[in-house]
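A.B. asks: Pasting in a structure now, in C-alpha cells, and then I'll have a few things to ask.
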Amino acid sequence: MLNWLFGKKDQATRAEDSVWMSDAARLRGIRRAVERLARDKRSVVVVALTLTAFDDLAHELAPHAPSLCRDLFGLDNLRSQITRPGSVTVALANILSTDVRPTTSVPVEFLVCGRNDIQGADESLLRYADLVGPTASVTFHLSLDDALLSDYIGTINPLLAKLGLSEDEAISNPMVTRAIANAQSKESSGSKI
C-alpha cells in the first residue's frame with residue numbers, strides 16, 4: 001500500500017527464496033516451475049550464476065527449447081523473448097545489463113539458480129527485473145549444496161528429517177530469506193558464521 005508513497009510501485013515482486021535439499025532437486029523444481037509458468041503464458045527467464053549452472057539448466061530445460069543467452073550478443077534475443085507469452089530463456093546473470101530498459105506487458109518470471117555470496121551482485125539482478133516493471137517477479141532457488149549454505153547444513157538436515165520433507169519439496173519462508181541475507185552479509189564482511 002505504501003509502495004506508491006515510497007516510489008516502489010514499478011518494482012518487480014520479490015518472492016521468498018526457495019531452498020532445495022540438493023542441486024538435482026533444485027533443477028527438477030525449477031523445471032516444474034518453468035512448465036507451470038509457461039503453461040500460464042508467463043515469460044520465464046531462468047538465470048544462471050555460473051557457466052556450469054547455465055549448461056545444467058539448458059540440459060534440464062531442453063524439452064522447452066529455451067532461448068540461450070550466454071553472452072552480450074544474446075541480450076537482444078532476451079529482450080525479444082520476454083515479450084512473448086510462454087517463452088523460456090536461460091541467461092547468464094552477468095549479461096543482464098541495466099543500461100537498456102526492456103519493455104513488455106507480458107508477466108515475466110525470473111527464476112535465479114542460486115545466490116551470490118555478496119548481496120550487491122544479487123541486487124543487480126533485482127535492478128534488471130525492476131526495469132521490466134511490476135509485471136516481473138524474482139525467485140531465488142538455492143540448494144543445501146551451495147557454498148553459501150554450507151555452514152547451516154548440520155542445523156538444517158535434522159530439522160528437515162523431523163518435518164518429513166521429501167527431497168523434491170522446497171523450503172520457502174520469510175525467515176529463510178532473512179537468514180540467507182544475513183549469511184550474505186557475514187560473507188561479504190569476511191566474518192565466519
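Letters A, B, ... go to the chains of the C-alpha cells in the order shown; residues in each chain start at 1; ligands are counted from 1 in the same order.
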Write out as a PyMOL selection string which residues come within 6 Å of Met21 of chain A when counting only C-alpha atoms, dropping same-chain ones fewer than 5 positions away.
C.D. replies: chain A and resi 143-144+167
A.B. asks: Based on the selection just made, write N, CA, C and O atoms of those residues as a CSV table (one decimal), in the first residue's frame.
C.D. replies:
chain,number,residue,atom,x,y,z
A,143,SER,N,20.3,-24.4,-3.0
A,143,SER,CA,20.4,-25.8,-2.6
A,143,SER,C,21.2,-25.9,-1.4
A,143,SER,O,22.1,-25.0,-1.2
A,144,LEU,N,21.0,-26.9,-0.6
A,144,LEU,CA,21.8,-27.1,0.6
A,144,LEU,C,23.3,-27.4,0.2
A,144,LEU,O,24.2,-27.4,1.0
A,167,GLU,N,12.8,-34.8,-0.8
A,167,GLU,CA,13.9,-34.1,-1.5
A,167,GLU,C,13.3,-33.1,-2.5
A,167,GLU,O,13.9,-32.1,-2.8
A.B. asks: DSSP on the backbone: which residues in segment 24-193 of chain A end up as helix (DSSP H, G or I)? Give the answer as a ChimeraX atom specification.
C.D. replies: /A:24-39,51-60,62-64,72-81,93-95,119-132,147-163,174-189
A.B. asks: So which one's closest to Glu35 of chain A, A:Gln11, A:Ser87, A:Ser97, A:Ser150? Using only C-alpha atoms, please.
C.D. replies: A:Ser87
A.B. asks: Can you pull out the residues contacting segment 69-83 of chain A? Cut-off 7 Å, using only C-alpha atoms, and skip same-chain residues under 6 positions away; I want them as a count of residues only.
C.D. replies: 9
A.B. asks: Can you tell me, as a PDB file with N, CA and C atoms, in the first residue's frame, what residues are no more than 8 Å from Val44 of chain A when counting only C-alpha atoms, ignoring any on the same chain fewer than 4 positions away?
C.D. replies:
ATOM      1  N   VAL A  34       9.031 -23.898 -14.381  1.00  0.00           N
ATOM      2  CA  VAL A  34       9.036 -23.419 -15.765  1.00  0.00           C
ATOM      3  C   VAL A  34       7.841 -23.994 -16.517  1.00  0.00           C
ATOM      4  N   LEU A  37       4.670 -22.149 -15.270  1.00  0.00           N
ATOM      5  CA  LEU A  37       4.640 -20.739 -15.659  1.00  0.00           C
ATOM      6  C   LEU A  37       4.446 -20.569 -17.165  1.00  0.00           C
ATOM      7  N   ALA A  38       5.116 -21.383 -17.959  1.00  0.00           N
ATOM      8  CA  ALA A  38       4.964 -21.305 -19.416  1.00  0.00           C
ATOM      9  C   ALA A  38       3.534 -21.671 -19.814  1.00  0.00           C
ATOM     10  N   ILE A  82      11.297 -11.948 -23.828  1.00  0.00           N
ATOM     11  CA  ILE A  82      10.438 -11.630 -22.681  1.00  0.00           C
ATOM     12  C   ILE A  82       9.130 -10.976 -23.102  1.00  0.00           C
ATOM     13  N   GLY A  86       4.701 -17.331 -22.611  1.00  0.00           N
ATOM     14  CA  GLY A  86       5.053 -18.750 -22.620  1.00  0.00           C
ATOM     15  C   GLY A  86       6.471 -19.048 -23.064  1.00  0.00           C
ATOM     16  N   SER A  87       7.269 -18.008 -23.338  1.00  0.00           N
ATOM     17  CA  SER A  87       8.651 -18.244 -23.775  1.00  0.00           C
ATOM     18  C   SER A  87       9.533 -18.614 -22.588  1.00  0.00           C
ATOM     19  N   VAL A  88      10.598 -19.366 -22.877  1.00  0.00           N
ATOM     20  CA  VAL A  88      11.556 -19.785 -21.848  1.00  0.00           C
ATOM     21  C   VAL A  88      12.946 -19.393 -22.310  1.00  0.00           C
ATOM     22  N   THR A  89      13.687 -18.730 -21.443  1.00  0.00           N
ATOM     23  CA  THR A  89      15.045 -18.289 -21.739  1.00  0.00           C
ATOM     24  C   THR A  89      15.950 -18.680 -20.592  1.00  0.00           C
ATOM     25  N   VAL A 108       6.598 -11.515 -16.474  1.00  0.00           N
ATOM     26  CA  VAL A 108       7.905 -12.169 -16.604  1.00  0.00           C
ATOM     27  C   VAL A 108       8.321 -12.718 -15.246  1.00  0.00           C
ATOM     28  N   GLU A 109       8.685 -14.000 -15.231  1.00  0.00           N
ATOM     29  CA  GLU A 109       9.189 -14.649 -14.014  1.00  0.00           C
ATOM     30  C   GLU A 109      10.687 -14.858 -14.154  1.00  0.00           C
ATOM     31  N   PHE A 110      11.457 -14.329 -13.214  1.00  0.00           N
ATOM     32  CA  PHE A 110      12.894 -14.568 -13.162  1.00  0.00           C
ATOM     33  C   PHE A 110      13.144 -15.624 -12.088  1.00  0.00           C
ATOM     34  N   LEU A 111      13.628 -16.784 -12.493  1.00  0.00           N
ATOM     35  CA  LEU A 111      13.974 -17.856 -11.559  1.00  0.00           C
ATOM     36  C   LEU A 111      15.496 -17.909 -11.519  1.00  0.00           C
TER      37      LEU A 111
END
A.B. asks: Please compute the atom CA of Pro66 of chain A-atom CA of Ala93 of chain A distance, one decimal, in Å.
C.D. replies: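 According to the coordinates, atom CA of Pro66 of chain A and atom CA of Ala93 of chain A are separated by 15.8 Å.
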A.B. asks: Fewer than 4 positions away in the same chain doesn't count, so skip those; otherwise give me all residues within 8 Å of Gly29 of chain A, counting only C-alpha atoms, as number ranges by chain.
C.D. replies: A: 25, 33, 168-170
A.B. asks: Please produce an output containing all heavy atoms for each residue in the selection, written as a short mmCIF file (atom, residue, chain, number, x, y, z; two decimals), in the first residue's frame.
C.D. replies:
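As a result, result11.cif now contains:
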data_model
loop_
_atom_site.label_atom_id
_atom_site.label_comp_id
_atom_site.auth_asym_id
_atom_site.auth_seq_id
_atom_site.Cartn_x
_atom_site.Cartn_y
_atom_site.Cartn_z
N ALA A 25 17.59 -31.75 -6.96
CA ALA A 25 16.22 -31.41 -6.59
C ALA A 25 15.89 -29.98 -7.04
O ALA A 25 14.78 -29.71 -7.51
CB ALA A 25 16.02 -31.55 -5.09
N ALA A 33 8.59 -25.57 -12.17
CA ALA A 33 8.11 -24.18 -12.14
C ALA A 33 8.03 -23.61 -13.56
O ALA A 33 7.06 -22.93 -13.91
CB ALA A 33 9.02 -23.33 -11.27
N ASP A 168 12.19 -33.42 -3.07
CA ASP A 168 11.62 -32.56 -4.11
C ASP A 168 10.68 -31.48 -3.58
O ASP A 168 9.95 -30.87 -4.34
CB ASP A 168 10.90 -33.42 -5.15
CG ASP A 168 11.89 -34.14 -6.06
OD1 ASP A 168 12.99 -33.62 -6.27
OD2 ASP A 168 11.55 -35.22 -6.55
N GLU A 169 10.72 -31.24 -2.27
CA GLU A 169 9.96 -30.14 -1.68
C GLU A 169 10.92 -29.04 -1.29
O GLU A 169 11.93 -29.28 -0.64
CB GLU A 169 9.20 -30.61 -0.44
CG GLU A 169 8.05 -31.54 -0.73
CD GLU A 169 7.33 -31.94 0.54
OE1 GLU A 169 6.46 -31.16 0.99
OE2 GLU A 169 7.66 -33.00 1.10
N ALA A 170 10.57 -27.81 -1.66
CA ALA A 170 11.40 -26.66 -1.31
C ALA A 170 10.93 -26.05 0.00
O ALA A 170 9.77 -26.15 0.36
CB ALA A 170 11.35 -25.61 -2.41
#
A.B. asks: Just asking: which residues within segment 17-168 of chain A are strand (DSSP E) according to DSSP, as a PyMOL selection string?
C.D. replies: chain A and resi 18-20+43-48+67-69+88-92+108-113+136-143
A.B. asks: Using only C-alpha atoms, which of A:Pro174, A:Ala62, A:Gln184, A:Leu142 sits nearest Ser22 of chain A?
C.D. replies: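 So, comparing all the options, the nearest one is A:Leu142.
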A.B. asks: Calculated over only C-alpha atoms, which of the candidates A:Leu27, A:Ala15, A:Val138, A:Val47 has the smallest distance to Leu96 of chain A?
C.D. replies: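 Counting only C-alpha atoms, the residue closest to Leu96 of chain A is A:Val47.
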A.B. asks: Given the choices A:Val112, A:Ala65, A:Ala121, A:Ala183, which gets closest to Ser137 of chain A if the distance is worked out from only C-alpha atoms?
C.D. replies: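 Of the candidates, the smallest distance to Ser137 of chain A is held by A:Val112.
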